[in-house]
Amino acid sequence: MSFEFEIVATDGKARAGILHSPHGDILTPVFAPVGTAGTVKAVPPRDLEDLDAQLILANTYHLFLRPGDDLVRDLGGLHEFMCWGGPILTDSGGFQVFSLADINKIDADGVTFRSHIDGSQKRLTPERSMQIQQNLGADIIMAFDQCPPPNDRAEVEAAVARTHSWLRRCRQAHPDDEKQALFGIVQGGIFPDLREASARFVTDMALKGYAIGGLAVGESKQEMYATLDQTLPCLPHNKPRYLMGVGEPDDLLEGISRGVDIFDCVIPTRLARHGAAFTQAGRINLRNARYRADESPIDSALDNYASRFSRAYLRHLLIAKELLAYYLISLHNIDFLVRHVQNMRQAIIEGSLREYAARFLPRYLRHGLTAE
RNA sequence: GUGGACGUAGCUCAAUGGCAGAGCACCUGAUUGUGGUUCAGGCGGUUGAGGGUUCGAGCCCCUUCGUCCACC
């Protein structure tokens with residue numbers, strides 16, 4: 001019964017669904033806050049429960065290096081280790097190997113790299129990634145893939161071939177049973193023919209869900225949307241679709257409108273650390289001097305613990321580099337995105353997603369739009 | 001009181017007698033499958049004050065004010 005995906009309602013291409021998992025149902029579309037090293041960075045799981053976050057992502061690369069997947073397994077798995085009773089998704093570790101570590105060698109079999117923490121040499125292969133993710137014990141795990149720069153056709157072609165070969169090995173190495181679902185990843189950069197071929201290959205593996213990778217990594221938003229337009233119809237309608245690493249509020253809307261069910265992104269917490277907050281009127285930078293004496297909350301439309309604090313106080317915390325600033329603004333930004341996605345789910349059920357988009361999108365059309 | 005050192009951007013300090021600069025702070029902007037970083041740009045000066053020498057003075061000379069140190 002686990003991992004059954006029910007589509008509750010559709011509005012155009014957008015879908016409202018329920019993905020069953022061993023640790024609870026996931027109401028989609030869903031935005032998964034991102035955790036690092038087994039804890040959600042700066043925001044305790046208790047708060048995420050309060051915000052009604054239904055899925056969180058934990059990073060395999062970080063947990064592999066520290067504290068180690070064996071230890072997490074011995075301590076009862078990730079849910080118990082990090083005190084999060086809800087569904088968890090782990091990435092494959094591949095992305096961070098490519099973005100954080102010093103790569104020594106990438107070959108057909110896997111990747112040898114040096115840890116960014118202590119410089120020690122490590123190796124990840126599709127089989128090892130599956131083993132680590134089994135040890136971590138997430139509900140949804142990701143195939144080990146290669147995410148290349150999206151505009152370089154030769155590189156993308158090579159990465160697609162490698163990703164497919166690795167997916168076959170992941171599929172073999174992992175039981176893909178009712179305890180843990182393996183999702184495959186479509187690559188192909190911004191090239192329609194490569195995306196289509198990749199979608200076909202990945203779909204043939206008959207997995208419990210499918211991800212679109214290799215986007216939001218340098219291409220323009222128009223290129224990303226065009227790629228979604230072209231790729232999503234190539235994926236099975238009755239399986240969840242996960243757009244990896246996205247995104248910003250407008251991207252969530254654009255993705256959902258096109259039929260994406262699952263998202264994850266660093267942006268609510270990373271922006272919080274840089275002092276930026278989402279509001280109904282657009283993005284604001286709380287470091288700005290204009291908020292020095294602003295007694296209003298970040299966004300009066302939200303009601304969470306951070307809502308009690310004035311912009312002036314949050315600005316003071318930021319300027320003073322107080323950890324509380326990162327916590328409160330992260331809480332706010334996650335609340336904003338979770339609410340945003342929940343609103344869209346409700347709009348899909350009511351058949352009013354276009355109206356929601358018309359109200360919401362203009363404020364977020366321009367990247368970095370400043371409010372008021 | 002005597003002798004000495006030093007006064008340059010908000011702060012800490014650079015600058016052969018030859019375009020007055022850096023770091024930090026402050027003010028903006030960027031950050032999309034997480035290391036709080038980093039990057040890009042901007043504001044900011046009667047060089048304590050006054051006079052002199054010089055083609056030209058932050059720099060040399062005189063006066064003055066201030067700070068610090070040492071010694072009566």
# chains A, B, ... in the order shown; residues from 1 in each chain; ligands from 1
call {"tool": "closest_atom_pairs", "arguments": {"of": "chain A", "to": "chain B", "cutoff": "7 Å", "atoms": "only C-alpha atoms (C1' of nucleotides)", "output": "tab-separated table"}}
result
residue	atom	partner	partner_atom	distance
A:Thr36	CA	B:U34	C1'	6.5
A:Asp91	CA	B:G33	C1'	6.8
A:Phe95	CA	B:G33	C1'	6.5
A:Ala216	CA	B:U32	C1'	5.3
A:Met244	CA	B:G33	C1'	4.7
A:Gly245	CA	B:G33	C1'	4.3
A:Val246	CA	B:U32	C1'	5.3
A:Gly247	CA	B:U32	C1'	5.1
A:Glu248	CA	B:U32	C1'	6.7
A:Cys265	CA	B:U32	C1'	6.4
A:Val266	CA	B:U34	C1'	5.4
A:Ile267	CA	B:U32	C1'	6.5
A:Arg273	CA	B:G36	C1'	6.4
call {"tool": "select_by_dssp", "arguments": {"residues": "segment 13-111 of chain A", "states": "strand (DSSP E)", "output": "number ranges by chain"}}
result
A: 14-19, 26-28, 30-32, 34-36, 39-40, 56-58, 88-90, 102-106, 111
call {"tool": "closest_residue", "arguments": {"among": "A:Phe191, A:Gln172, A:Arg200, A:Gly255", "to": "Thr227 of chain A", "atoms": "only C-alpha atoms"}}
result
A:Phe191
call {"tool": "residues_around", "arguments": {"residues": "segment 139-156 of chain A", "least_positions_apart": "5", "cutoff": "6 Å", "atoms": "only C-alpha atoms (C1' of nucleotides)", "output": "number ranges by chain"}}
result
A: 87-92, 94, 126, 163, 167, 180-184, 188-190, 214
call {"tool": "atom_distance", "arguments": {"atom1": "atom CA of Ala312 of chain A", "atom2": "atom C1' of U38 of chain B"}}
result
26.1 Å
call {"tool": "closest_residue", "arguments": {"among": "A:Glu219, A:Glu196, A:Asp261, A:Asp250", "to": "Cys234 of chain A", "atoms": "only C-alpha atoms"}}
result
A:Glu196
call {"tool": "residues_around", "arguments": {"residues": "Pro67 of chain A", "least_positions_apart": "3", "cutoff": "12 Å", "atoms": "only C-alpha atoms (C1' of nucleotides)", "output": "PDB file with C-alpha atoms, in the first residue's frame"}}
result
ATOM      1  CA  THR A  36      21.893  19.234   6.465  1.00  0.00           C
ATOM      2  CA  ALA A  37      23.825  16.611   8.392  1.00  0.00           C
ATOM      3  CA  GLY A  38      20.687  15.170   9.858  1.00  0.00           C
ATOM      4  CA  THR A  39      19.214  18.337  11.260  1.00  0.00           C
ATOM      5  CA  ASN A  59      21.667  15.365   2.376  1.00  0.00           C
ATOM      6  CA  THR A  60      23.401  12.067   1.750  1.00  0.00           C
ATOM      7  CA  TYR A  61      26.780  13.602   1.002  1.00  0.00           C
ATOM      8  CA  HIS A  62      26.921  15.450   4.328  1.00  0.00           C
ATOM      9  CA  LEU A  63      25.647  12.519   6.367  1.00  0.00           C
ATOM     10  CA  PHE A  64      28.018  10.139   4.613  1.00  0.00           C
ATOM     11  CA  ASP A  70      26.688   3.254   9.586  1.00  0.00           C
ATOM     12  CA  LEU A  71      26.279   5.250  12.769  1.00  0.00           C
ATOM     13  CA  VAL A  72      22.908   6.625  11.681  1.00  0.00           C
ATOM     14  CA  ARG A  73      21.750   3.093  10.893  1.00  0.00           C
ATOM     15  CA  ASP A  74      22.996   1.814  14.259  1.00  0.00           C
ATOM     16  CA  LEU A  75      21.143   4.609  16.035  1.00  0.00           C
ATOM     17  CA  LEU A  78      17.386   9.109  10.237  1.00  0.00           C
ATOM     18  CA  PHE A  81      18.287  10.202  14.835  1.00  0.00           C
ATOM     19  CA  ILE A 117      35.777  18.654   5.640  1.00  0.00           C
ATOM     20  CA  ILE A 132      24.192   4.762   2.261  1.00  0.00           C
ATOM     21  CA  LEU A 136      19.960   6.423   6.453  1.00  0.00           C
TER      22      LEU A 136
END
call {"tool": "residues_around", "arguments": {"residues": "segment 65-71 of chain B", "least_positions_apart": "6", "cutoff": "12 Å", "atoms": "only C-alpha atoms (C1' of nucleotides)", "output": "NGL selection string"}}
result
:B and (1-7 or 48-50)
call {"tool": "write_last_selection", "arguments": {"atoms": "N, CA and C atoms (P, O5', C5', C4', C3', O3' and C1' of nucleotides)", "output": "PDB file, in the first residue's frame"}}
result
ATOM      1  P     G B   1      52.817  74.233  31.817  1.00  0.00           P
ATOM      2  O5'   G B   1      53.914  74.308  32.970  1.00  0.00           O
ATOM      3  C5'   G B   1      54.967  75.277  32.999  1.00  0.00           C
ATOM      4  C4'   G B   1      56.278  74.618  33.314  1.00  0.00           C
ATOM      5  C3'   G B   1      56.966  73.910  32.158  1.00  0.00           C
ATOM      6  O3'   G B   1      57.692  74.814  31.330  1.00  0.00           O
ATOM      7  C1'   G B   1      57.010  72.525  34.083  1.00  0.00           C
ATOM      8  P     U B   2      57.936  74.462  29.804  1.00  0.00           P
ATOM      9  O5'   U B   2      59.012  73.305  29.905  1.00  0.00           O
ATOM     10  C5'   U B   2      60.356  73.591  30.254  1.00  0.00           C
ATOM     11  C4'   U B   2      61.205  72.344  30.174  1.00  0.00           C
ATOM     12  C3'   U B   2      61.135  71.598  28.846  1.00  0.00           C
ATOM     13  O3'   U B   2      61.980  72.168  27.857  1.00  0.00           O
ATOM     14  C1'   U B   2      60.886  70.057  30.627  1.00  0.00           C
ATOM     15  P     G B   3      61.556  71.970  26.314  1.00  0.00           P
ATOM     16  O5'   G B   3      61.824  70.418  26.058  1.00  0.00           O
ATOM     17  C5'   G B   3      63.159  69.917  26.045  1.00  0.00           C
ATOM     18  C4'   G B   3      63.146  68.414  25.948  1.00  0.00           C
ATOM     19  C3'   G B   3      62.419  67.828  24.745  1.00  0.00           C
ATOM     20  O3'   G B   3      63.178  67.885  23.545  1.00  0.00           O
ATOM     21  C1'   G B   3      61.798  66.646  26.688  1.00  0.00           C
ATOM     22  P     G B   4      62.375  67.943  22.145  1.00  0.00           P
ATOM     23  O5'   G B   4      61.756  66.486  22.002  1.00  0.00           O
ATOM     24  C5'   G B   4      62.603  65.350  21.838  1.00  0.00           C
ATOM     25  C4'   G B   4      61.811  64.074  21.931  1.00  0.00           C
ATOM     26  C3'   G B   4      60.730  63.874  20.886  1.00  0.00           C
ATOM     27  O3'   G B   4      61.232  63.465  19.634  1.00  0.00           O
ATOM     28  C1'   G B   4      59.897  63.266  23.017  1.00  0.00           C
ATOM     29  P     A B   5      60.413  63.799  18.310  1.00  0.00           P
ATOM     30  O5'   A B   5      59.227  62.737  18.392  1.00  0.00           O
ATOM     31  C5'   A B   5      59.501  61.339  18.359  1.00  0.00           C
ATOM     32  C4'   A B   5      58.238  60.549  18.568  1.00  0.00           C
ATOM     33  C3'   A B   5      57.091  60.890  17.627  1.00  0.00           C
ATOM     34  O3'   A B   5      57.217  60.266  16.358  1.00  0.00           O
ATOM     35  C1'   A B   5      56.279  60.806  19.838  1.00  0.00           C
ATOM     36  P     C B   6      56.679  61.020  15.056  1.00  0.00           P
ATOM     37  O5'   C B   6      55.104  60.941  15.242  1.00  0.00           O
ATOM     38  C5'   C B   6      54.478  59.688  15.404  1.00  0.00           C
ATOM     39  C4'   C B   6      53.048  59.847  15.852  1.00  0.00           C
ATOM     40  C3'   C B   6      52.163  60.732  14.988  1.00  0.00           C
ATOM     41  O3'   C B   6      51.722  60.042  13.830  1.00  0.00           O
ATOM     42  C1'   C B   6      51.802  61.246  17.268  1.00  0.00           C
ATOM     43  P     G B   7      51.106  60.836  12.642  1.00  0.00           P
ATOM     44  O5'   G B   7      49.616  60.892  13.122  1.00  0.00           O
ATOM     45  C5'   G B   7      48.827  61.980  12.855  1.00  0.00           C
ATOM     46  C4'   G B   7      47.584  61.990  13.716  1.00  0.00           C
ATOM     47  C3'   G B   7      46.464  62.789  13.075  1.00  0.00           C
ATOM     48  O3'   G B   7      45.205  62.358  13.566  1.00  0.00           O
ATOM     49  C1'   G B   7      47.286  63.929  14.999  1.00  0.00           C
ATOM     50  P     G B  48      46.082  66.545   9.921  1.00  0.00           P
ATOM     51  O5'   G B  48      45.084  67.304  10.915  1.00  0.00           O
ATOM     52  C5'   G B  48      43.743  66.837  11.047  1.00  0.00           C
ATOM     53  C4'   G B  48      42.999  67.778  11.961  1.00  0.00           C
ATOM     54  C3'   G B  48      43.170  69.255  11.621  1.00  0.00           C
ATOM     55  O3'   G B  48      42.300  69.692  10.596  1.00  0.00           O
ATOM     56  C1'   G B  48      43.556  68.921  13.928  1.00  0.00           C
ATOM     57  P     A B  49      42.808  70.765   9.551  1.00  0.00           P
ATOM     58  O5'   A B  49      42.877  72.091  10.443  1.00  0.00           O
ATOM     59  C5'   A B  49      41.684  72.646  10.979  1.00  0.00           C
ATOM     60  C4'   A B  49      42.008  73.900  11.753  1.00  0.00           C
ATOM     61  C3'   A B  49      42.833  74.928  10.979  1.00  0.00           C
ATOM     62  O3'   A B  49      42.033  75.745  10.149  1.00  0.00           O
ATOM     63  C1'   A B  49      43.811  74.579  13.083  1.00  0.00           C
ATOM     64  P     G B  50      42.658  76.272   8.759  1.00  0.00           P
ATOM     65  O5'   G B  50      43.733  77.361   9.226  1.00  0.00           O
ATOM     66  C5'   G B  50      43.302  78.540   9.892  1.00  0.00           C
ATOM     67  C4'   G B  50      44.477  79.351  10.356  1.00  0.00           C
ATOM     68  C3'   G B  50      45.523  79.689   9.298  1.00  0.00           C
ATOM     69  O3'   G B  50      45.146  80.744   8.454  1.00  0.00           O
ATOM     70  C1'   G B  50      46.601  78.964  11.266  1.00  0.00           C
TER      71        G B  50
END
call {"tool": "residues_around", "arguments": {"residues": "segment 22-24 of chain B", "least_positions_apart": "5", "cutoff": "8 Å", "atoms": "only C-alpha atoms (C1' of nucleotides)", "output": "JSON, numbers by chain"}}
result
{"B": [11, 12, 14]}
call {"tool": "write_last_selection", "arguments": {"atoms": "all heavy atoms", "output": "short mmCIF file (atom, residue, chain, number, x, y, z; two decimals), in the first residue's frame"}}
result
data_model
loop_
_atom_site.label_atom_id
_atom_site.label_comp_id
_atom_site.auth_asym_id
_atom_site.auth_seq_id
_atom_site.Cartn_x
_atom_site.Cartn_y
_atom_site.Cartn_z
P C B 11 36.94 58.10 13.82
OP1 C B 11 37.24 58.74 15.12
OP2 C B 11 37.59 58.58 12.59
"O5'" C B 11 37.24 56.54 13.98
"C5'" C B 11 36.77 55.82 15.11
"C4'" C B 11 37.22 54.38 15.01
"O4'" C B 11 36.57 53.76 13.86
"C3'" C B 11 38.71 54.19 14.76
"O3'" C B 11 39.46 54.20 15.96
"C2'" C B 11 38.76 52.84 14.06
"O2'" C B 11 38.65 51.78 14.99
"C1'" C B 11 37.47 52.88 13.22
N1 C B 11 37.69 53.36 11.85
C2 C B 11 38.28 52.49 10.91
O2 C B 11 38.61 51.36 11.28
N3 C B 11 38.47 52.90 9.65
C4 C B 11 38.09 54.14 9.28
N4 C B 11 38.30 54.51 8.02
C5 C B 11 37.51 55.04 10.21
C6 C B 11 37.32 54.61 11.47
P U B 12 41.01 54.64 15.92
OP1 U B 12 41.51 54.63 17.31
OP2 U B 12 41.13 55.86 15.09
"O5'" U B 12 41.71 53.44 15.13
"C5'" U B 12 41.80 52.15 15.73
"C4'" U B 12 42.58 51.22 14.83
"O4'" U B 12 41.81 50.96 13.63
"C3'" U B 12 43.90 51.78 14.31
"O3'" U B 12 44.95 51.63 15.25
"C2'" U B 12 44.12 50.95 13.05
"O2'" U B 12 44.61 49.66 13.37
"C1'" U B 12 42.68 50.80 12.52
N1 U B 12 42.35 51.83 11.52
C2 U B 12 42.66 51.55 10.20
O2 U B 12 43.19 50.52 9.85
N3 U B 12 42.32 52.52 9.29
C4 U B 12 41.71 53.73 9.57
O4 U B 12 41.47 54.51 8.65
C5 U B 12 41.43 53.96 10.96
C6 U B 12 41.75 53.02 11.87
P A B 14 50.94 53.61 10.01
OP1 A B 14 52.26 53.18 10.50
OP2 A B 14 50.56 55.04 10.07
"O5'" A B 14 50.79 53.09 8.51
"C5'" A B 14 50.98 53.98 7.44
"C4'" A B 14 50.82 53.25 6.14
"O4'" A B 14 49.40 53.17 5.82
"C3'" A B 14 51.45 53.98 4.96
"O3'" A B 14 52.82 53.67 4.82
"C2'" A B 14 50.59 53.48 3.79
"O2'" A B 14 50.97 52.16 3.41
"C1'" A B 14 49.21 53.43 4.44
N9 A B 14 48.50 54.71 4.32
C8 A B 14 48.09 55.53 5.34
N7 A B 14 47.47 56.62 4.93
C5 A B 14 47.48 56.51 3.56
C6 A B 14 46.96 57.34 2.54
N6 A B 14 46.33 58.49 2.78
N1 A B 14 47.14 56.94 1.27
C2 A B 14 47.78 55.79 1.03
N3 A B 14 48.30 54.93 1.90
C4 A B 14 48.10 55.34 3.17
#
